[in-house]
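See below for target36.tsv, which holds TSV, C-alpha atoms and all ligand atoms.
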chain	number	residue	atom	x	y	z
Y	1	MET	CA	75.40	34.57	-17.33
Y	2	THR	CA	74.25	35.32	-20.86
Y	3	THR	CA	76.22	36.27	-23.93
Y	4	PRO	CA	75.58	39.74	-25.45
Y	5	GLU	CA	73.81	38.39	-28.55
Y	6	ALA	CA	71.79	36.16	-26.24
Y	7	SER	CA	70.15	39.18	-24.60
Y	8	SER	CA	67.59	39.64	-27.36
Y	9	PRO	CA	66.23	36.33	-28.65
Y	10	ALA	CA	64.18	36.69	-31.82
Y	11	PRO	CA	60.68	35.46	-30.96
Y	12	ASN	CA	60.26	33.44	-34.15
Y	13	SER	CA	63.67	31.80	-34.30
Y	14	SER	CA	63.80	28.09	-33.55
Y	15	PRO	CA	66.55	27.79	-30.97
Y	16	ARG	CA	68.97	24.91	-30.75
Y	17	VAL	CA	68.97	22.85	-27.58
Y	18	LEU	CA	72.49	22.74	-26.17
Y	19	THR	CA	73.95	19.29	-25.60
Y	20	LEU	CA	76.20	17.86	-22.92
Y	21	GLY	CA	79.62	19.47	-23.07
Y	22	HIS	CA	78.33	23.02	-23.42
Y	23	PRO	CA	79.55	24.91	-20.32
Y	24	VAL	CA	76.21	26.69	-19.69
Y	25	LEU	CA	74.68	23.29	-18.82
Y	26	ARG	CA	77.15	23.05	-15.93
Y	27	GLN	CA	76.57	26.51	-14.47
Y	28	VAL	CA	74.36	27.32	-11.48
Y	29	ALA	CA	71.62	29.48	-13.00
Y	30	GLN	CA	70.85	33.00	-11.76
Y	31	PRO	CA	67.51	34.07	-10.23
Y	32	VAL	CA	65.16	36.10	-12.45
Y	33	ASP	CA	64.80	39.66	-11.06
Y	34	SER	CA	62.13	40.99	-13.37
Y	35	VAL	CA	59.53	38.49	-14.59
Y	36	ARG	CA	57.82	41.07	-16.82
Y	37	ASP	CA	61.02	41.86	-18.67
Y	38	GLU	CA	60.46	41.49	-22.42
Y	39	PHE	CA	63.55	39.32	-22.75
Y	40	VAL	CA	62.29	36.97	-20.03
Y	41	GLN	CA	58.86	36.74	-21.67
Y	42	GLN	CA	60.41	35.97	-25.08
Y	43	LEU	CA	62.63	33.32	-23.53
Y	44	ILE	CA	59.58	31.69	-21.90
Y	45	ASP	CA	57.85	31.60	-25.30
Y	46	GLN	CA	60.93	29.96	-26.81
Y	47	LEU	CA	61.02	27.35	-24.04
Y	48	LEU	CA	57.33	26.52	-24.57
Y	49	THR	CA	57.79	26.22	-28.33
Y	50	THR	CA	60.95	24.17	-28.09
Y	51	VAL	CA	59.64	21.65	-25.56
Y	52	ARG	CA	56.66	21.00	-27.83
Y	53	THR	CA	58.49	20.72	-31.14
Y	54	ALA	CA	61.28	18.56	-29.66
Y	55	ASN	CA	58.84	16.07	-28.11
Y	56	GLY	CA	60.05	16.90	-24.62
Y	57	VAL	CA	58.06	16.87	-21.37
Y	58	GLY	CA	60.15	19.58	-19.75
Y	59	ILE	CA	62.91	22.07	-20.47
Y	60	ALA	CA	65.04	24.54	-18.54
Y	61	ALA	CA	66.46	27.90	-19.66
Y	62	PRO	CA	70.13	26.76	-19.53
Y	63	GLN	CA	69.33	24.22	-22.26
Y	64	LEU	CA	68.75	27.17	-24.62
Y	65	GLY	CA	71.94	28.85	-23.43
Y	66	TYR	CA	70.44	31.21	-20.81
Y	67	SER	CA	71.66	30.66	-17.27
Y	68	LEU	CA	68.42	31.77	-15.62
Y	69	ARG	CA	66.15	30.02	-13.10
Y	70	ILE	CA	63.23	29.29	-15.44
Y	71	LEU	CA	61.85	25.86	-16.25
Y	72	VAL	CA	58.83	24.41	-18.00
Y	73	ILE	CA	56.93	21.25	-17.04
Y	74	ALA	CA	54.85	20.13	-20.03
Y	75	SER	CA	53.91	16.49	-19.63
Y	76	ARG	CA	51.88	15.08	-22.51
Y	77	PRO	CA	51.95	11.86	-24.50
Y	78	ASN	CA	54.39	12.23	-27.40
Y	79	LEU	CA	56.81	10.22	-29.52
Y	80	ARG	CA	59.53	10.17	-26.85
Y	81	TYR	CA	57.14	9.66	-23.88
Y	82	PRO	CA	54.02	7.85	-25.17
Y	83	HIS	CA	52.59	7.26	-21.66
Y	84	ALA	CA	53.18	10.70	-20.14
Y	85	PRO	CA	50.13	12.24	-18.41
Y	86	LEU	CA	48.51	15.20	-20.17
Y	87	MET	CA	48.74	18.60	-18.43
Y	88	GLU	CA	48.80	22.28	-19.30
Y	89	PRO	CA	52.41	23.41	-19.80
Y	90	THR	CA	53.49	25.13	-16.58
Y	91	VAL	CA	56.19	27.81	-16.40
Y	92	LEU	CA	58.12	27.99	-13.13
Y	93	ILE	CA	60.32	31.01	-12.40
Y	94	ASN	CA	62.72	30.91	-9.45
Y	95	PRO	CA	61.31	27.55	-8.22
Y	96	GLN	CA	62.08	26.43	-4.67
Y	97	LEU	CA	61.66	22.90	-3.39
Y	98	VAL	CA	59.70	23.25	-0.12
Y	99	ALA	CA	59.31	19.57	0.76
Y	100	ALA	CA	59.86	16.14	-0.74
Y	101	SER	CA	58.69	12.65	0.21
Y	102	ASP	CA	61.23	10.29	1.74
Y	103	GLU	CA	60.00	7.70	-0.69
Y	104	LEU	CA	62.14	7.42	-3.81
Y	105	GLU	CA	61.17	5.85	-7.12
Y	106	LEU	CA	63.57	4.50	-9.70
Y	107	SER	CA	62.45	5.13	-13.28
Y	108	TRP	CA	63.67	6.04	-16.76
Y	109	GLU	CA	64.55	9.52	-17.96
Y	110	GLY	CA	65.94	11.10	-21.06
Y	111	CYS	CA	67.06	14.64	-21.77
Y	112	LEU	CA	66.98	16.85	-24.87
Y	113	SER	CA	70.55	17.83	-23.93
Y	114	VAL	CA	71.68	14.17	-23.77
Y	115	PRO	CA	70.36	12.81	-27.07
Y	116	GLY	CA	70.24	9.06	-27.64
Y	117	VAL	CA	70.58	7.99	-24.00
Y	118	ARG	CA	68.11	6.91	-21.30
Y	119	GLY	CA	68.92	6.23	-17.69
Y	120	GLN	CA	67.19	4.99	-14.55
Y	121	VAL	CA	67.24	7.71	-11.90
Y	122	PRO	CA	65.94	7.70	-8.30
Y	123	ARG	CA	63.61	10.65	-7.58
Y	124	HIS	CA	61.28	11.69	-4.75
Y	125	GLN	CA	57.76	10.39	-5.34
Y	126	THR	CA	56.17	13.69	-4.24
Y	127	VAL	CA	57.48	17.26	-4.24
Y	128	GLU	CA	56.07	20.51	-2.94
Y	129	VAL	CA	57.32	23.56	-4.82
Y	130	ASP	CA	57.05	27.35	-4.55
Y	131	TYR	CA	57.41	29.27	-7.79
Y	132	CYS	CA	56.49	32.44	-9.62
Y	133	ASP	CA	54.52	32.22	-12.88
Y	134	ARG	CA	55.14	34.37	-15.97
Y	135	HIS	CA	52.65	36.99	-14.71
Y	136	GLY	CA	54.46	37.38	-11.40
Y	137	GLN	CA	51.95	35.36	-9.34
Y	138	LEU	CA	53.35	33.16	-6.57
Y	139	HIS	CA	52.19	29.55	-6.35
Y	140	ARG	CA	52.69	26.56	-4.07
Y	141	GLN	CA	52.06	23.25	-5.82
Y	142	ILE	CA	52.36	19.54	-5.01
Y	143	TRP	CA	53.28	17.12	-7.79
Y	144	GLN	CA	53.58	13.35	-7.71
Y	145	GLY	CA	55.00	10.57	-9.83
Y	146	PHE	CA	56.08	11.36	-13.37
Y	147	VAL	CA	55.36	15.10	-13.08
Y	148	ALA	CA	57.33	15.29	-9.80
Y	149	ARG	CA	60.12	13.52	-11.68
Y	150	ILE	CA	60.04	16.12	-14.47
Y	151	PHE	CA	60.30	18.90	-11.87
Y	152	GLN	CA	63.33	17.30	-10.21
Y	153	HIS	CA	65.01	16.70	-13.57
Y	154	GLU	CA	64.49	20.30	-14.72
Y	155	ALA	CA	65.42	21.78	-11.33
Y	156	ASP	CA	68.72	19.88	-11.61
Y	157	HIS	CA	69.43	21.80	-14.84
Y	158	LEU	CA	69.26	25.03	-12.78
Y	159	GLU	CA	72.04	23.63	-10.55
Y	160	GLY	CA	74.26	22.64	-13.47
Y	161	LYS	CA	73.36	18.96	-13.14
Y	162	VAL	CA	72.03	16.43	-15.66
Y	163	PHE	CA	70.32	13.09	-15.02
Y	164	LEU	CA	73.52	11.16	-15.81
Y	165	ASP	CA	74.96	12.56	-12.56
Y	166	ARG	CA	72.26	10.70	-10.60
Y	167	VAL	CA	72.40	7.32	-12.32
Y	168	GLN	CA	73.51	4.79	-9.70
Y	169	SER	CA	75.08	2.21	-12.01
Y	170	GLU	CA	76.26	2.03	-15.63
Y	171	ALA	CA	73.82	-0.88	-15.98
Y	172	ASP	CA	71.04	1.72	-15.58
Y	173	LEU	CA	72.03	3.40	-18.87
Y	174	LEU	CA	70.57	2.41	-22.25
Y	175	SER	CA	70.71	3.72	-25.78
Y	176	GLU	CA	67.45	5.32	-26.93
Y	177	GLU	CA	67.10	2.41	-29.39
Y	178	ALA	CA	67.48	-0.26	-26.70
Y	179	TYR	CA	65.15	1.66	-24.38
Y	180	GLN	CA	62.42	1.87	-27.01
Y	181	ALA	CA	62.79	-1.86	-27.79
Y	182	MET	CA	62.48	-2.63	-24.07
Y	183	ALA	CA	59.46	-0.35	-23.68
Y	184	ILE	CA	57.69	-1.99	-26.62
Y	185	ALA	CA	58.52	-5.48	-25.28
Y	186	ALA	CA	57.19	-4.51	-21.85
Y	187	LEU	CA	53.85	-3.56	-23.41
Y	188	GLY	CA	53.68	-7.12	-24.81
Y	201	NI	NI	67.03	17.55	-19.31
Since I need it in another form, could you write the structure as structure tokens?
Amino acid sequence: MTTPEASSPAPNSSPRVLTLGHPVLRQVAQPVDSVRDEFVQQLIDQLLTTVRTANGVGIAAPQLGYSLRILVIASRPNLRYPHAPLMEPTVLINPQLVAASDELELSWEGCLSVPGVRGQVPRHQTVEVDYCDRHGQLHRQIWQGFVARIFQHEADHLEGKVFLDRVQSEADLLSEEAYQAMAIAALG
């Protein structure tokens, strides 16, 4: 569901990332009918710009206030994730999880919509995903490790979930400050 003024995003505006408490983050997002729609293409451009400028490694359309099944995986080393693998930003429209490994990995996540908090979250080590790209081409892709984690985190946003919902214990939550101190200490 989108608001009327939300139906025509200005391509050069710098959108605000919604934070936890905004109801759109808790909605199940709607499939995209028309990938070539100008509105959809502008929204994709906004997602790509925002994930880069906000030092994210992924973002989903609901985080900009649009309850649509679009997400971006854009792993690269940055201030918030210094050890992230470098990849071309990938736009996934109407993604479907086809298969996932039984093996789960527990590791740290943050979220542009949950500023200041990190949490340890169990995720499948490997995922196989069908999706449509921004040109309407269908793809089937396998991702592992950190990139598979990004996919699962962003796909949760399309179901109205955030990573906090998957944290197993309060002891697995840290402030951003404490997380960064721990990460630096771990590097020795
Ligand atoms: Ni997130």
Residue neighbourhood segment 90-105 of chain Y, 7 Å, all atoms listed in the file, exclusion window fewer than 2 positions, as a list in words: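 In the requested form, the answer reads Pro31, Val32, Arg69, Ile70, Leu71, Val72, Ile73, Ala74, Glu88, Ser107, Pro122, Arg123, His124, Gln125, Thr126, Val127, Glu128, Val129, Asp130, Tyr131, Cys132, Asp133 and Arg134 of chain Y.
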Environment of ligand NI 201 (chain Y) within 6 Å, counting all atoms listed in the file, reported as a ChimeraX atom specification: /Y:111-113,154
Separation of atom CA of Tyr81 of chain Y from atom CA of Val147 of chain Y in Å: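 We find that atom CA of Val147 of chain Y and atom CA of Tyr81 of chain Y lie 12.2 Å from each other.
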Polymer residues at most 8 Å from (58.0, 40.2, -14.0) by all atoms listed in the file, as a PyMOL selection string: chain Y and resi 33-37+134-136
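We find atom CA of Ser175 of chain Y and atom CA of Leu20 of chain Y to be spaced 15.4 Å apart.
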Length of the atom CA of Pro85 of chain Y to atom CA of Gln144 of chain Y vector [Å]: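 Separation between atom CA of Pro85 of chain Y and atom CA of Gln144 of chain Y: 11.3 Å.
Between Gly110 of chain Y and the candidates Y:Asp45, Y:Glu176, Y:Glu38, Y:Asp156, the tightest atom-to-atom separation, counting only C-alpha atoms, involves Y:Glu176.
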Given all atoms listed in the file as the counted atoms, nearest of Y:Arg118, Y:Val57, Y:Leu173, Y:Asp165 to Phe151 of chain Y: Y:Val57
Pick from Y:Ala178, Y:Val51, Y:Ile44, Y:Ala29, whichever lies nearest to Ala155 of chain Y using all atoms listed in the file: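 Between Y:Ala178, Y:Val51, Y:Ile44, Y:Ala29, the residue approaching Ala155 of chain Y most closely is Y:Ala29.
Between Pro62 of chain Y and the candidates Y:Asn78, Y:Gln30, Y:Gln41, Y:Thr49, the tightest atom-to-atom separation, counting all atoms listed in the file, involves Y:Gln30.
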Option closest in space to Ala183 of chain Y, from Y:Leu25, Y:His83, Y:Ala54, Y:Leu47 [counting only C-alpha atoms]: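 With only C-alpha atoms as the atom set, the closest residue is Y:His83.
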Protein/DNA/RNA residues near (73.4, 11.0, -21.3), cut 6 Å, all atoms listed in the file, as a list in words: Val114, Val117 and Leu164 of chain Y
Extending 4 Å beyond the listed atoms of segment 86-103 of chain Y on each side, what axis-aligned box results? I want centre and edge lengths in Å to one decimal, as JSON.
{"center_x": 55.6, "center_y": 19.4, "center_z": -9.2, "size_x": 22.2, "size_y": 31.3, "size_z": 29.9}
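Nearest residue to Arg16 of chain Y, choosing from Y:Leu64, Y:Met182, Y:Ala84, Y:Val40 and counting all atoms listed in the file: Y:Leu64.
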Near-His153 of chain Y list (8 Å; all atoms listed in the file; drop same-chain fewer than 4 positions) as a PyMOL selection string: chain Y and resi 149+157+162-163
Please complete segment 96-128 of chain Y with N, CA and C atoms and give it back as a PDB file, in the coordinates of the input.
ATOM      1  N   GLN Y  96      61.431  26.860  -5.917  1.00  0.00           N
ATOM      2  CA  GLN Y  96      62.080  26.430  -4.670  1.00  0.00           C
ATOM      3  C   GLN Y  96      61.421  25.151  -4.200  1.00  0.00           C
ATOM      4  N   LEU Y  97      62.197  24.126  -3.959  1.00  0.00           N
ATOM      5  CA  LEU Y  97      61.660  22.900  -3.390  1.00  0.00           C
ATOM      6  C   LEU Y  97      61.379  23.129  -1.907  1.00  0.00           C
ATOM      7  N   VAL Y  98      60.100  23.000  -1.513  1.00  0.00           N
ATOM      8  CA  VAL Y  98      59.700  23.250  -0.120  1.00  0.00           C
ATOM      9  C   VAL Y  98      59.779  21.956   0.679  1.00  0.00           C
ATOM     10  N   ALA Y  99      59.318  20.864   0.078  1.00  0.00           N
ATOM     11  CA  ALA Y  99      59.310  19.570   0.760  1.00  0.00           C
ATOM     12  C   ALA Y  99      59.342  18.468  -0.280  1.00  0.00           C
ATOM     13  N   ALA Y 100      59.828  17.298   0.147  1.00  0.00           N
ATOM     14  CA  ALA Y 100      59.860  16.140  -0.740  1.00  0.00           C
ATOM     15  C   ALA Y 100      59.623  14.890   0.084  1.00  0.00           C
ATOM     16  N   SER Y 101      58.929  13.905  -0.504  1.00  0.00           N
ATOM     17  CA  SER Y 101      58.690  12.650   0.210  1.00  0.00           C
ATOM     18  C   SER Y 101      60.003  11.912   0.423  1.00  0.00           C
ATOM     19  N   ASP Y 102      60.053  11.147   1.520  1.00  0.00           N
ATOM     20  CA  ASP Y 102      61.230  10.290   1.740  1.00  0.00           C
ATOM     21  C   ASP Y 102      61.279   9.186   0.700  1.00  0.00           C
ATOM     22  N   GLU Y 103      60.086   8.813   0.242  1.00  0.00           N
ATOM     23  CA  GLU Y 103      60.000   7.700  -0.690  1.00  0.00           C
ATOM     24  C   GLU Y 103      60.623   8.079  -2.039  1.00  0.00           C
ATOM     25  N   LEU Y 104      61.516   7.205  -2.507  1.00  0.00           N
ATOM     26  CA  LEU Y 104      62.140   7.420  -3.810  1.00  0.00           C
ATOM     27  C   LEU Y 104      61.618   6.385  -4.799  1.00  0.00           C
ATOM     28  N   GLU Y 105      61.555   6.778  -6.056  1.00  0.00           N
ATOM     29  CA  GLU Y 105      61.170   5.850  -7.120  1.00  0.00           C
ATOM     30  C   GLU Y 105      62.271   5.839  -8.167  1.00  0.00           C
ATOM     31  N   LEU Y 106      62.579   4.639  -8.638  1.00  0.00           N
ATOM     32  CA  LEU Y 106      63.570   4.500  -9.700  1.00  0.00           C
ATOM     33  C   LEU Y 106      62.822   4.364 -11.028  1.00  0.00           C
ATOM     34  N   SER Y 107      63.092   5.268 -11.972  1.00  0.00           N
ATOM     35  CA  SER Y 107      62.450   5.130 -13.280  1.00  0.00           C
ATOM     36  C   SER Y 107      63.301   5.803 -14.356  1.00  0.00           C
ATOM     37  N   TRP Y 108      62.856   5.639 -15.608  1.00  0.00           N
ATOM     38  CA  TRP Y 108      63.670   6.040 -16.760  1.00  0.00           C
ATOM     39  C   TRP Y 108      63.475   7.512 -17.100  1.00  0.00           C
ATOM     40  N   GLU Y 109      64.562   8.141 -17.493  1.00  0.00           N
ATOM     41  CA  GLU Y 109      64.550   9.520 -17.960  1.00  0.00           C
ATOM     42  C   GLU Y 109      65.397   9.656 -19.212  1.00  0.00           C
ATOM     43  N   GLY Y 110      65.077  10.660 -19.976  1.00  0.00           N
ATOM     44  CA  GLY Y 110      65.940  11.100 -21.060  1.00  0.00           C
ATOM     45  C   GLY Y 110      66.081  12.591 -20.940  1.00  0.00           C
ATOM     46  N   CYS Y 111      66.833  13.199 -21.847  1.00  0.00           N
ATOM     47  CA  CYS Y 111      67.060  14.640 -21.770  1.00  0.00           C
ATOM     48  C   CYS Y 111      67.356  15.148 -23.178  1.00  0.00           C
ATOM     49  N   LEU Y 112      66.724  16.262 -23.549  1.00  0.00           N
ATOM     50  CA  LEU Y 112      66.980  16.850 -24.870  1.00  0.00           C
ATOM     51  C   LEU Y 112      68.446  17.247 -25.013  1.00  0.00           C
ATOM     52  N   SER Y 113      69.138  17.451 -23.893  1.00  0.00           N
ATOM     53  CA  SER Y 113      70.550  17.830 -23.930  1.00  0.00           C
ATOM     54  C   SER Y 113      71.483  16.608 -23.911  1.00  0.00           C
ATOM     55  N   VAL Y 114      70.891  15.413 -23.771  1.00  0.00           N
ATOM     56  CA  VAL Y 114      71.680  14.170 -23.770  1.00  0.00           C
ATOM     57  C   VAL Y 114      71.037  13.232 -24.787  1.00  0.00           C
ATOM     58  N   PRO Y 115      71.115  13.576 -26.078  1.00  0.00           N
ATOM     59  CA  PRO Y 115      70.360  12.810 -27.070  1.00  0.00           C
ATOM     60  C   PRO Y 115      70.854  11.366 -27.161  1.00  0.00           C
ATOM     61  N   GLY Y 116      69.887  10.449 -27.364  1.00  0.00           N
ATOM     62  CA  GLY Y 116      70.240   9.060 -27.640  1.00  0.00           C
ATOM     63  C   GLY Y 116      70.471   8.190 -26.432  1.00  0.00           C
ATOM     64  N   VAL Y 117      70.288   8.745 -25.222  1.00  0.00           N
ATOM     65  CA  VAL Y 117      70.580   7.990 -24.000  1.00  0.00           C
ATOM     66  C   VAL Y 117      69.388   8.052 -23.053  1.00  0.00           C
ATOM     67  N   ARG Y 118      69.092   6.938 -22.399  1.00  0.00           N
ATOM     68  CA  ARG Y 118      68.110   6.910 -21.300  1.00  0.00           C
ATOM     69  C   ARG Y 118      68.796   6.321 -20.086  1.00  0.00           C
ATOM     70  N   GLY Y 119      68.341   6.755 -18.923  1.00  0.00           N
ATOM     71  CA  GLY Y 119      68.920   6.230 -17.690  1.00  0.00           C
ATOM     72  C   GLY Y 119      67.879   6.114 -16.608  1.00  0.00           C
ATOM     73  N   GLN Y 120      68.073   5.128 -15.706  1.00  0.00           N
ATOM     74  CA  GLN Y 120      67.190   4.990 -14.550  1.00  0.00           C
ATOM     75  C   GLN Y 120      67.721   5.877 -13.428  1.00  0.00           C
ATOM     76  N   VAL Y 121      66.829   6.709 -12.888  1.00  0.00           N
ATOM     77  CA  VAL Y 121      67.240   7.710 -11.900  1.00  0.00           C
ATOM     78  C   VAL Y 121      66.293   7.648 -10.705  1.00  0.00           C
ATOM     79  N   PRO Y 122      66.827   7.622  -9.471  1.00  0.00           N
ATOM     80  CA  PRO Y 122      65.940   7.700  -8.300  1.00  0.00           C
ATOM     81  C   PRO Y 122      65.486   9.143  -8.074  1.00  0.00           C
ATOM     82  N   ARG Y 123      64.176   9.316  -7.847  1.00  0.00           N
ATOM     83  CA  ARG Y 123      63.610  10.650  -7.580  1.00  0.00           C
ATOM     84  C   ARG Y 123      62.591  10.540  -6.452  1.00  0.00           C
ATOM     85  N   HIS Y 124      62.354  11.633  -5.748  1.00  0.00           N
ATOM     86  CA  HIS Y 124      61.280  11.690  -4.750  1.00  0.00           C
ATOM     87  C   HIS Y 124      59.940  11.456  -5.426  1.00  0.00           C
ATOM     88  N   GLN Y 125      59.074  10.696  -4.766  1.00  0.00           N
ATOM     89  CA  GLN Y 125      57.760  10.390  -5.340  1.00  0.00           C
ATOM     90  C   GLN Y 125      56.879  11.627  -5.380  1.00  0.00           C
ATOM     91  N   THR Y 126      56.993  12.481  -4.348  1.00  0.00           N
ATOM     92  CA  THR Y 126      56.170  13.690  -4.240  1.00  0.00           C
ATOM     93  C   THR Y 126      57.067  14.886  -3.932  1.00  0.00           C
ATOM     94  N   VAL Y 127      56.754  16.017  -4.557  1.00  0.00           N
ATOM     95  CA  VAL Y 127      57.480  17.260  -4.240  1.00  0.00           C
ATOM     96  C   VAL Y 127      56.467  18.382  -4.018  1.00  0.00           C
ATOM     97  N   GLU Y 128      56.841  19.295  -3.161  1.00  0.00           N
ATOM     98  CA  GLU Y 128      56.070  20.510  -2.940  1.00  0.00           C
ATOM     99  C   GLU Y 128      56.974  21.686  -3.308  1.00  0.00           C
TER     100      GLU Y 128
END
